[in-house]
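Text of the file protein.csv, holding CSV, C-alpha atoms and all ligand atoms:
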```
chain,number,residue,atom,x,y,z
A,1,MET,CA,148.9,155.4,-13.4
A,2,GLY,CA,147.7,158.7,-11.9
A,3,ASP,CA,148.2,162.0,-13.5
A,4,SER,CA,151.4,163.9,-14.1
A,5,ARG,CA,151.4,167.3,-12.5
A,6,GLY,CA,154.5,169.5,-12.4
A,7,TRP,CA,155.6,172.1,-10.0
A,8,GLY,CA,154.7,174.8,-12.5
A,9,GLY,CA,158.1,175.5,-14.0
A,10,GLY,CA,160.9,177.5,-12.4
A,11,TRP,CA,163.0,174.4,-11.7
A,12,GLY,CA,166.1,175.1,-13.8
A,13,ASN,CA,166.1,173.0,-17.0
A,14,ASN,CA,163.2,170.9,-15.7
A,15,VAL,CA,161.6,170.1,-19.0
A,16,ILE,CA,159.9,166.9,-17.7
A,17,GLY,CA,157.7,169.0,-15.4
A,18,VAL,CA,158.3,167.2,-12.1
A,19,SER,CA,161.1,167.6,-9.6
A,20,VAL,CA,162.0,164.0,-8.6
A,21,VAL,CA,162.5,161.1,-10.9
A,22,VAL,CA,162.7,157.6,-9.4
A,23,VAL,CA,164.4,155.1,-11.6
A,24,GLY,CA,163.3,151.5,-10.7
A,25,ALA,CA,159.8,150.3,-9.7
A,26,GLY,CA,161.0,147.6,-7.2
A,27,LEU,CA,159.9,147.9,-3.6
A,28,ALA,CA,162.6,150.5,-2.7
A,29,GLY,CA,161.7,152.8,-5.6
A,30,LEU,CA,158.0,152.7,-5.0
A,31,ALA,CA,158.3,153.1,-1.2
A,32,CYS,CA,160.4,156.2,-2.0
A,33,ALA,CA,157.8,157.5,-4.4
A,34,VAL,CA,155.0,156.9,-1.9
A,35,GLU,CA,156.7,159.0,0.7
A,36,LEU,CA,157.4,161.8,-1.8
A,37,ALA,CA,153.8,161.8,-3.0
A,38,ALA,CA,152.6,161.9,0.6
A,39,ALA,CA,154.7,165.0,1.2
A,40,GLY,CA,153.3,166.7,-1.8
A,41,VAL,CA,156.4,166.4,-3.9
A,42,PRO,CA,155.6,165.5,-7.6
A,43,VAL,CA,157.4,162.3,-8.5
A,44,ARG,CA,157.7,160.3,-11.7
A,45,VAL,CA,158.7,156.6,-11.6
A,46,LEU,CA,160.5,155.1,-14.6
A,47,GLU,CA,160.8,151.3,-14.9
A,48,ARG,CA,162.4,149.4,-17.8
A,49,ALA,CA,160.3,146.2,-17.3
A,50,GLY,CA,156.7,145.7,-18.3
A,51,SER,CA,155.6,145.4,-14.7
A,52,VAL,CA,156.5,146.6,-11.2
A,53,GLY,CA,158.2,144.4,-8.6
A,54,GLY,CA,161.8,144.0,-9.6
A,55,ARG,CA,163.2,141.1,-7.6
A,56,MET,CA,159.8,140.6,-5.9
A,57,ALA,CA,158.9,138.9,-9.1
A,58,SER,CA,155.9,136.7,-9.7
A,59,GLY,CA,155.7,135.0,-13.1
A,60,THR,CA,152.5,133.4,-14.3
A,61,ILE,CA,153.5,129.9,-15.1
A,62,GLU,CA,151.1,127.2,-16.2
A,63,GLY,CA,148.2,129.5,-15.2
A,64,ARG,CA,149.2,130.4,-11.7
A,65,PRO,CA,151.6,133.0,-10.1
A,66,VAL,CA,155.0,131.7,-8.9
A,67,ASP,CA,157.5,133.7,-7.0
A,68,ILE,CA,160.7,133.5,-9.0
A,69,GLY,CA,162.7,136.1,-7.0
A,70,ALA,CA,162.3,136.7,-3.3
A,71,ALA,CA,161.0,133.5,-1.6
A,72,TYR,CA,159.3,135.3,1.3
A,73,PHE,CA,159.8,138.3,3.6
A,74,THR,CA,160.2,139.0,7.3
A,75,VAL,CA,159.1,141.9,9.4
A,76,ARG,CA,161.0,143.6,12.2
A,77,ASP,CA,160.5,147.3,11.7
A,78,ALA,CA,157.3,148.7,13.3
A,79,GLU,CA,156.4,150.9,10.4
A,80,PHE,CA,156.9,148.1,7.9
A,81,ALA,CA,154.6,146.0,10.1
A,82,GLU,CA,151.9,148.6,9.6
A,83,VAL,CA,152.2,148.3,5.8
A,84,VAL,CA,152.2,144.5,6.1
A,85,ALA,CA,149.1,144.6,8.3
A,86,ARG,CA,147.4,146.7,5.5
A,87,TRP,CA,148.4,144.1,2.9
A,88,ARG,CA,147.1,141.3,5.2
A,89,THR,CA,143.8,143.0,5.7
A,90,ALA,CA,143.5,143.4,1.9
A,91,GLY,CA,144.2,139.6,1.5
A,92,LEU,CA,147.5,140.3,-0.2
A,93,ALA,CA,149.9,138.9,2.4
A,94,ARG,CA,149.7,136.1,4.8
A,95,PRO,CA,152.0,134.7,7.6
A,96,TRP,CA,153.4,131.5,6.1
A,97,THR,CA,155.8,129.8,8.5
A,98,SER,CA,158.2,130.4,11.3
A,99,GLU,CA,160.2,127.2,10.8
A,100,LEU,CA,162.0,126.0,7.7
A,101,ALA,CA,163.6,122.7,7.1
A,102,VAL,CA,167.4,122.4,6.8
A,103,LEU,CA,168.8,119.9,4.3
A,104,GLY,CA,172.3,119.0,3.3
A,105,ASP,CA,175.3,117.0,4.5
A,106,GLY,CA,173.0,114.0,4.4
A,107,SER,CA,171.2,115.4,7.4
A,108,ARG,CA,167.7,116.9,8.0
A,109,GLY,CA,166.8,119.5,10.6
A,110,ARG,CA,164.5,122.4,11.3
A,111,SER,CA,165.5,126.1,11.5
A,112,PRO,CA,163.1,128.1,13.8
A,113,GLY,CA,163.1,131.9,13.1
A,114,PRO,CA,160.9,134.9,12.5
A,115,VAL,CA,157.6,134.5,10.7
A,116,ARG,CA,158.1,134.3,7.0
A,117,TRP,CA,155.4,136.1,5.1
A,118,ALA,CA,154.0,135.0,1.6
A,119,ALA,CA,151.6,136.5,-0.9
A,120,PRO,CA,148.7,134.5,-2.2
A,121,HIS,CA,148.9,136.4,-5.6
A,122,GLY,CA,152.7,136.6,-5.6
A,123,LEU,CA,155.0,139.1,-4.0
A,124,ARG,CA,154.7,141.4,-7.0
A,125,SER,CA,151.1,142.1,-6.0
A,126,LEU,CA,152.4,143.9,-2.8
A,127,VAL,CA,154.6,146.2,-4.9
A,128,ALA,CA,151.7,146.8,-7.2
A,129,GLU,CA,149.6,147.9,-4.3
A,130,LEU,CA,152.1,150.6,-3.5
A,131,ALA,CA,152.1,151.8,-7.1
A,132,ALA,CA,148.4,152.6,-7.1
A,133,GLY,CA,148.0,156.4,-7.7
A,134,LEU,CA,151.6,157.1,-8.6
A,135,THR,CA,152.9,158.4,-11.9
A,136,LEU,CA,154.6,155.3,-13.3
A,137,GLU,CA,156.0,154.7,-16.8
A,138,LEU,CA,156.7,151.0,-17.5
A,139,GLN,CA,159.0,149.8,-20.4
A,140,HIS,CA,160.9,153.0,-19.9
A,141,GLU,CA,164.6,152.2,-19.7
A,142,VAL,CA,166.8,155.0,-18.4
A,143,ARG,CA,170.2,155.0,-20.1
A,144,HIS,CA,172.1,158.0,-18.6
A,145,VAL,CA,172.1,160.1,-15.5
A,146,GLY,CA,174.4,163.1,-15.7
A,147,PRO,CA,175.3,166.2,-13.7
A,148,GLY,CA,172.4,168.6,-13.0
A,149,PRO,CA,171.1,166.0,-12.5
A,150,VAL,CA,169.6,165.1,-15.9
A,151,VAL,CA,167.9,161.9,-16.8
A,152,ASP,CA,168.5,161.1,-20.4
A,153,GLY,CA,168.9,164.8,-21.1
A,154,ALA,CA,165.8,166.0,-19.0
A,155,GLY,CA,166.4,167.9,-15.8
A,156,ALA,CA,165.2,167.1,-12.4
A,157,ASP,CA,166.0,168.3,-8.9
A,158,VAL,CA,166.7,164.9,-7.5
A,159,VAL,CA,167.1,161.5,-9.3
A,160,VAL,CA,166.7,158.4,-7.2
A,161,LEU,CA,168.4,155.2,-8.5
A,162,ALA,CA,166.6,152.4,-6.7
A,163,MET,CA,168.3,149.2,-8.0
A,164,PRO,CA,171.4,147.0,-7.5
A,165,ASP,CA,174.7,148.8,-7.5
A,166,PRO,CA,176.0,147.4,-10.8
A,167,GLN,CA,172.8,148.5,-12.6
A,168,ALA,CA,173.1,152.0,-11.2
A,169,LEU,CA,176.7,152.2,-12.0
A,170,ARG,CA,175.9,151.7,-15.7
A,171,LEU,CA,173.8,154.9,-15.6
A,172,VAL,CA,176.1,157.5,-13.9
A,173,GLU,CA,179.2,159.2,-15.4
A,174,PRO,CA,182.6,158.0,-14.2
A,175,ALA,CA,183.2,161.4,-12.5
A,176,SER,CA,180.0,161.2,-10.5
A,177,PRO,CA,180.4,161.1,-6.7
A,178,ALA,CA,177.9,158.3,-6.8
A,179,VAL,CA,180.5,156.0,-8.3
A,180,ALA,CA,182.4,155.7,-5.1
A,181,GLU,CA,179.2,154.6,-3.4
A,182,LEU,CA,178.4,152.0,-6.0
A,183,THR,CA,181.8,150.2,-6.2
A,184,GLY,CA,183.6,147.8,-4.0
A,185,ARG,CA,181.0,145.1,-3.4
A,186,ASP,CA,180.2,142.1,-5.5
A,187,TRP,CA,176.7,140.9,-6.1
A,188,ARG,CA,176.0,137.2,-6.3
A,189,PRO,CA,173.8,135.6,-9.0
A,190,VAL,CA,171.1,133.0,-8.6
A,191,VAL,CA,169.2,130.9,-11.1
A,192,THR,CA,165.7,130.1,-10.0
A,193,VAL,CA,164.3,126.8,-11.3
A,194,VAL,CA,160.5,126.2,-11.1
A,195,ALA,CA,159.3,122.7,-11.6
A,196,GLY,CA,155.7,121.4,-11.7
A,197,TRP,CA,154.7,117.8,-11.1
A,198,ARG,CA,151.4,116.1,-11.8
A,199,SER,CA,150.9,115.3,-8.1
A,200,ARG,CA,152.7,115.9,-4.8
A,201,GLU,CA,155.4,113.3,-4.4
A,202,TRP,CA,157.6,114.8,-1.8
A,203,PRO,CA,157.4,114.7,2.0
A,204,GLU,CA,155.3,117.5,3.6
A,205,MET,CA,157.4,120.7,3.7
A,206,ASN,CA,157.2,124.4,3.4
A,207,ALA,CA,160.7,125.3,2.4
A,208,ALA,CA,164.2,124.1,3.1
A,209,PHE,CA,167.5,125.9,3.4
A,210,VAL,CA,170.1,123.7,1.7
A,211,ASN,CA,173.5,124.0,3.5
A,212,ASP,CA,176.9,123.5,1.9
A,213,HIS,CA,175.4,122.0,-1.3
A,214,PRO,CA,177.2,122.4,-4.6
A,215,VAL,CA,174.0,123.2,-6.6
A,216,LEU,CA,171.2,124.4,-4.3
A,217,SER,CA,170.7,127.0,-1.6
A,218,LEU,CA,166.9,126.8,-1.1
A,219,ILE,CA,163.9,124.7,-2.1
A,220,ALA,CA,160.4,126.2,-1.5
A,221,ASP,CA,157.1,124.4,-1.9
A,222,ASP,CA,155.2,127.0,-3.9
A,223,GLY,CA,151.8,125.3,-3.4
A,224,ASP,CA,152.3,125.5,0.4
A,225,ARG,CA,153.6,129.0,0.1
A,226,ARG,CA,150.7,130.2,-2.1
A,227,GLY,CA,148.1,128.2,-0.1
A,228,ASP,CA,146.6,126.4,-3.2
A,229,GLY,CA,148.5,123.1,-2.8
A,230,ALA,CA,149.8,123.1,-6.3
A,231,PRO,CA,152.6,120.5,-6.9
A,232,VAL,CA,155.2,123.1,-7.7
A,233,LEU,CA,158.7,123.5,-6.3
A,234,VAL,CA,161.0,126.5,-6.6
A,235,ALA,CA,164.7,126.1,-6.2
A,236,HIS,CA,167.5,128.7,-5.9
A,237,THR,CA,171.0,127.7,-7.1
A,238,THR,CA,174.3,128.5,-5.6
A,239,ALA,CA,176.2,131.5,-7.1
A,240,ASP,CA,178.7,129.0,-8.7
A,241,VAL,CA,176.0,127.2,-10.6
A,242,ALA,CA,174.4,130.5,-11.6
A,243,ARG,CA,177.7,131.8,-13.0
A,244,ALA,CA,178.3,128.6,-14.9
A,245,HIS,CA,174.8,129.0,-16.6
A,246,ASP,CA,174.8,132.7,-17.0
A,247,ALA,CA,174.5,132.6,-20.8
A,248,GLN,CA,172.0,129.7,-20.8
A,249,PRO,CA,170.0,129.6,-17.5
A,250,ARG,CA,168.0,126.6,-18.8
A,251,GLY,CA,171.3,124.6,-18.5
A,252,ALA,CA,170.8,124.7,-14.7
A,253,VAL,CA,167.6,122.8,-14.9
A,254,GLU,CA,169.1,119.3,-15.0
A,255,PRO,CA,171.6,119.7,-12.2
A,256,VAL,CA,168.9,121.3,-10.1
A,257,LEU,CA,166.4,118.5,-10.7
A,258,GLY,CA,169.1,116.0,-9.9
A,259,ALA,CA,169.8,117.7,-6.6
A,260,ILE,CA,166.1,118.0,-5.8
A,261,ARG,CA,165.6,114.2,-6.5
A,262,GLU,CA,168.5,113.4,-4.2
A,263,LEU,CA,167.5,115.7,-1.4
A,264,LEU,CA,163.8,114.9,-1.4
A,265,ASP,CA,164.1,111.3,-2.4
A,266,LEU,CA,161.9,112.0,-5.5
A,267,HIS,CA,161.8,109.4,-8.3
A,268,THR,CA,159.7,111.1,-11.0
A,269,GLN,CA,160.3,113.8,-13.6
A,270,PRO,CA,158.4,117.0,-13.4
A,271,ALA,CA,155.8,117.8,-16.1
A,272,TRP,CA,157.3,121.1,-16.8
A,273,THR,CA,160.2,123.4,-15.8
A,274,HIS,CA,161.1,127.1,-16.0
A,275,ALA,CA,164.4,128.8,-15.4
A,276,HIS,CA,165.1,132.5,-14.6
A,277,ARG,CA,168.5,134.1,-14.1
A,278,TRP,CA,169.2,136.9,-11.5
A,279,ARG,CA,172.6,138.3,-12.3
A,280,TYR,CA,172.4,140.6,-9.3
A,281,ALA,CA,170.4,138.7,-6.7
A,282,ALA,CA,172.0,140.1,-3.6
A,283,PRO,CA,175.2,142.0,-2.5
A,284,THR,CA,177.9,139.9,-0.8
A,285,ALA,CA,178.3,142.5,2.0
A,286,ASP,CA,176.0,144.7,4.1
A,287,ARG,CA,176.0,148.5,4.4
A,288,ASP,CA,175.3,150.4,7.6
A,289,ARG,CA,173.6,153.4,6.0
A,290,PRO,CA,170.0,153.3,4.7
A,291,PHE,CA,170.5,155.4,1.5
A,292,HIS,CA,172.8,157.9,-0.2
A,293,LEU,CA,171.6,161.4,-1.0
A,294,GLY,CA,174.3,163.4,-2.8
A,295,ASP,CA,174.8,167.1,-2.9
A,296,ASP,CA,174.6,166.7,-6.7
A,297,GLY,CA,171.0,165.5,-6.5
A,298,ILE,CA,171.8,161.9,-7.3
A,299,ALA,CA,170.4,159.6,-4.7
A,300,LEU,CA,170.7,155.8,-4.2
A,301,ALA,CA,168.4,153.4,-2.5
A,302,GLY,CA,167.5,149.7,-2.4
A,303,ASP,CA,168.2,146.5,-0.5
A,304,GLY,CA,171.9,147.1,-1.0
A,305,TRP,CA,171.6,149.8,1.7
A,306,GLY,CA,171.5,147.6,4.8
A,307,SER,CA,171.1,143.8,5.0
A,308,ALA,CA,169.8,142.6,1.7
A,309,ARG,CA,166.2,141.7,2.1
A,310,VAL,CA,162.7,142.9,1.2
A,311,GLU,CA,162.2,144.9,4.4
A,312,THR,CA,165.5,146.7,3.9
A,313,ALA,CA,164.4,147.8,0.4
A,314,TRP,CA,161.2,149.2,1.8
A,315,ARG,CA,163.0,151.0,4.7
A,316,SER,CA,165.7,152.4,2.4
A,317,GLY,CA,163.2,153.8,-0.1
A,318,THR,CA,161.0,155.2,2.7
A,319,LEU,CA,163.7,156.9,4.6
A,320,LEU,CA,165.2,158.3,1.3
A,321,GLY,CA,161.8,159.6,0.3
A,322,ARG,CA,161.5,161.5,3.5
A,323,ALA,CA,165.0,162.9,3.3
A,324,VAL,CA,164.4,164.1,-0.3
A,325,ALA,CA,161.1,165.7,0.6
A,326,ALA,CA,162.8,167.5,3.5
A,327,ARG,CA,165.5,168.8,1.2
A,328,LEU,CA,163.0,170.0,-1.3
A,329,GLY,CA,160.8,171.7,1.3
A,330,GLY,CA,158.1,169.0,1.2
A,331,GLY,CA,155.9,168.2,4.2
A,332,ARG,CA,156.8,165.2,6.3
A,333,THR,CA,160.2,164.4,7.7
A,334,GLU,CA,161.3,161.7,10.1
B,1,LIG,C1,166.5,134.7,-6.1
B,1,LIG,C2,166.2,135.7,-5.0
B,1,LIG,C3,165.8,135.3,-3.7
B,1,LIG,C4,165.5,136.2,-2.7
B,1,LIG,N1,165.0,135.8,-1.6
B,1,LIG,C5,164.6,136.7,-0.6
B,1,LIG,C6,164.0,136.3,0.6
B,1,LIG,O1,163.6,135.1,0.7
B,1,LIG,N2,163.6,137.2,1.5
B,1,LIG,C7,163.9,138.6,1.3
B,1,LIG,O2,163.6,139.4,2.2
B,1,LIG,N3,164.5,139.0,0.2
B,1,LIG,C8,164.9,138.1,-0.8
B,1,LIG,N4,165.5,138.5,-1.9
B,1,LIG,C9,165.8,139.9,-2.1
B,1,LIG,C10,164.7,140.8,-2.4
B,1,LIG,O3,164.0,140.4,-3.6
B,1,LIG,C11,165.2,142.3,-2.6
B,1,LIG,O4,165.8,142.7,-1.3
B,1,LIG,C12,164.2,143.3,-3.0
B,1,LIG,O5,163.2,142.8,-3.9
B,1,LIG,C13,165.0,144.5,-3.6
B,1,LIG,O6,164.1,145.5,-4.0
B,1,LIG,P1,164.8,146.8,-4.7
B,1,LIG,O7,163.7,147.7,-4.9
B,1,LIG,O8,165.9,147.3,-3.8
B,1,LIG,O9,165.5,146.3,-6.0
B,1,LIG,P2,164.8,145.6,-7.3
B,1,LIG,O10,163.6,144.8,-6.9
B,1,LIG,O11,165.9,144.9,-8.0
B,1,LIG,O12,164.3,146.8,-8.2
B,1,LIG,C14,165.1,147.5,-9.1
B,1,LIG,C15,164.2,147.9,-10.3
B,1,LIG,O13,165.0,148.8,-11.1
B,1,LIG,C16,164.7,148.5,-12.5
B,1,LIG,N5,165.8,149.0,-13.3
B,1,LIG,C17,167.1,148.7,-13.3
B,1,LIG,N6,167.8,149.4,-14.2
B,1,LIG,C18,166.9,150.3,-14.8
B,1,LIG,C19,167.0,151.3,-15.8
B,1,LIG,N7,168.2,151.6,-16.4
B,1,LIG,N8,165.9,152.0,-16.2
B,1,LIG,C20,164.7,151.7,-15.6
B,1,LIG,N9,164.5,150.7,-14.6
B,1,LIG,C21,165.6,150.0,-14.2
B,1,LIG,C22,164.6,147.0,-12.5
B,1,LIG,O14,163.9,146.5,-13.6
B,1,LIG,C23,163.9,146.7,-11.2
B,1,LIG,O15,162.5,146.7,-11.4
B,1,LIG,C24,165.7,137.6,-3.0
B,1,LIG,C25,166.2,138.0,-4.2
B,1,LIG,C26,166.4,137.1,-5.2
B,1,LIG,C27,166.8,137.6,-6.6
```
Once more with this new file: its structure as structure tokens, please.
Amino acid sequence: MGDSRGWGGGWGNNVIGVSVVVVGAGLAGLACAVELAAAGVPVRVLERAGSVGGRMASGTIEGRPVDIGAAYFTVRDAEFAEVVARWRTAGLARPWTSELAVLGDGSRGRSPGPVRWAAPHGLRSLVAELAAGLTLELQHEVRHVGPGPVVDGAGADVVVLAMPDPQALRLVEPASPAVAELTGRDWRPVVTVVAGWRSREWPEMNAAFVNDHPVLSLIADDGDRRGDGAPVLVAHTTADVARAHDAQPRGAVEPVLGAIRELLDLHTQPAWTHAHRWRYAAPTADRDRPFHLGDDGIALAGDGWGSARVETAWRSGTLLGRAVAARLGGGRTE
């Protein structure tokens, strides 16, 4: 996407021709790249997967998009609200619900809260919108970030690692100052199970938090969320169940279906199922800084920098992009 223009040499051992490399094309990485590009700083985004989005993942299953990562997003930050308004105008995002059901303990209730937003084409489509016009290389897995900084041997002025801590930790050297920033917190896993029925056989619902349940933490009605009414449910497991099925995520399907049947009083089998494992779905503790920008040129961003959610990822990447642009003498600062 876009063209790849360098800063015309003179940047040390910068053989890749651009000054900033962002590793990870999730929301944080692309929000960071958007800010850098807006400030006139050439930036190159490298992503190991075949598409953008990261944990805002929308798989095409049985011919329609299904959100298999984040279930929805909320909006508190005024600047993020402007981005969301743009997505809404473009038909990419829509307010879904401000009240979710609560199941578990044999009881049923409602949980009022902020508006939860959904994406008719899947949450990935929102990240893709940000990627338009950026220099992005998909299926490019970075393996090493060393002092310099260098990315797989090629120099850059700043390298941004926009991903969960354990994934970033694999890239940096043990002596890197970034290691101290990346250690000390666990990340919990989730297996997402998607199941499609021939017709809707459950009580009307949008989504339900499942409290204190051994198998499930959330059930979402994807037809309601997407707005097409398809008879598709998406369930997120507890961390214990995800750990037990780490090697074979499909093994989580039967316990999840059993729990769905019990909680929704369903008596039929789905026509199809799909399972996806997230080894690093979310950190178990928050941070109170929005990003890390080291003197060594290695920077860290993502939903781990704050309270883990979509909006945090956007804010972390955006603020880091501005800070990097300011350090490199680019235009805009906060
Ligand atoms: C099951 C689940 C449910 C969730 N539910 C919600 C919710 O309801 N509401 C909410 O707000 N948030 C939710 N979240 C969290 C939300 O998805 C994240 O906060 C957000 O997507 C994080 O974005 P990010 O850019 O920080 O990281 P990611 O989206 O993880 O992006 C990191 C990117 O880096 C890439 N990458 C990693 N290593 C390399 C490498 N070596 N080389 C190149 N690329 C690499 C990855 O492929 C990935 O694309 C949920 C997450 C999960 C998994």
Self-check item: Residue contacts of A:Gly294 (9 Å, all atoms listed in the file) excluding same-chain residues fewer than 5 positions away, as a ChimeraX atom specification
Solution: /A:177-178,299-300
Quiz prompt | Polymer residues at most 6 Å from stretch 68-79 of chain A, only C-alpha atoms, same-chain spacing of 3 or more positions, as a list in words | solution =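 Non-adjacent residues within range: Arg55, Met56, Ala57, Ser58, Glu82, Arg116, Trp117, Ala118 and Val310 of chain A.
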Quiz item: Which neighbours of A:Arg226 fall inside 8 Å, counting all atoms listed in the file, when residues of the same chain fewer than 6 positions from it are skipped, and could you give them as a ChimeraX atom specification?
Solution: /A:118-122
Practice problem: Could you please extract the residues within 7 Å of ligand LIG 1 (chain B), counting only C-alpha atoms and all ligand atoms, and hand them back as number ranges by chain? | Solution: A: 23-29, 46-49, 52-56, 68-74, 140-143, 162-164, 167-168, 171, 190-192, 236, 278, 280-282, 301-304, 308-313
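The space between atom CA of A:Trp272 and atom CA of A:Val193 spans 10.6 Å.
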Quiz item: atom CA of A:Gly155 and atom CA of A:Val179 are how many Å apart?
Solution: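 Distance reported for this atom pair: 19.9 Å.
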Quiz prompt | Option closest in space to A:Gly227, from A:Gly306, A:Gly113, A:Pro65, A:Pro290 [counting all atoms listed in the file] | solution =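 Closest residue, counting all atoms listed in the file: A:Pro65.
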Self-check item: Residue with smallest distance to A:Ser19 - pool A:Gly148, A:Asp157, A:Asp224, A:His276, counting all atoms listed in the file
Solution: A:Asp157
Exercise. With a distance cut-off of 9 Å and all atoms listed in the file, select the neighbouring residues of stretch 212-215 of chain A, excluding the residue or stretch itself and same-chain residues fewer than 3 positions from it, and output the selection as JSON, numbers by chain.
Key: {"A": [103, 104, 105, 236, 237, 238, 239, 240, 241, 242, 252, 255, 256, 259]}
For the residues selected in the previous step, produce a file with C-alpha atoms as an mmCIF file, in the frame of the given file.
```
data_model
loop_
_atom_site.group_PDB
_atom_site.id
_atom_site.type_symbol
_atom_site.label_atom_id
_atom_site.label_comp_id
_atom_site.auth_asym_id
_atom_site.auth_seq_id
_atom_site.Cartn_x
_atom_site.Cartn_y
_atom_site.Cartn_z
ATOM 1 C CA LEU A 103 168.800 119.900 4.300
ATOM 2 C CA GLY A 104 172.300 119.000 3.300
ATOM 3 C CA ASP A 105 175.300 117.000 4.500
ATOM 4 C CA HIS A 236 167.500 128.700 -5.900
ATOM 5 C CA THR A 237 171.000 127.700 -7.100
ATOM 6 C CA THR A 238 174.300 128.500 -5.600
ATOM 7 C CA ALA A 239 176.200 131.500 -7.100
ATOM 8 C CA ASP A 240 178.700 129.000 -8.700
ATOM 9 C CA VAL A 241 176.000 127.200 -10.600
ATOM 10 C CA ALA A 242 174.400 130.500 -11.600
ATOM 11 C CA ALA A 252 170.800 124.700 -14.700
ATOM 12 C CA PRO A 255 171.600 119.700 -12.200
ATOM 13 C CA VAL A 256 168.900 121.300 -10.100
ATOM 14 C CA ALA A 259 169.800 117.700 -6.600
#
```
Quiz item: In Å, how far is it from atom CA of A:Met205 to atom CA of A:Ala220?
Solution: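 The value is 8.1 Å.
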Practice problem: Go ahead and find all residues with at least one atom no further than 10 Å from (175.7, 165.7, -15.0) in the file's coordinates, using all atoms listed in the file; report them as a list of chain:residue names. | Solution: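 I get A:His144, A:Val145, A:Gly146, A:Pro147, A:Gly148, A:Pro149, A:Val150, A:Val151, A:Gly153, A:Gly155, A:Val172, A:Glu173, A:Ala175, A:Ser176, A:Asp296, A:Gly297, A:Ile298 for the residues within 10 Å of that point.
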Self-check item: Proximity to A:Gly229 - best of A:Glu204, A:Glu137, A:Asp246, A:Asp288, all atoms listed in the file
Solution: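 Smallest distance to A:Gly229 is found for A:Glu204.
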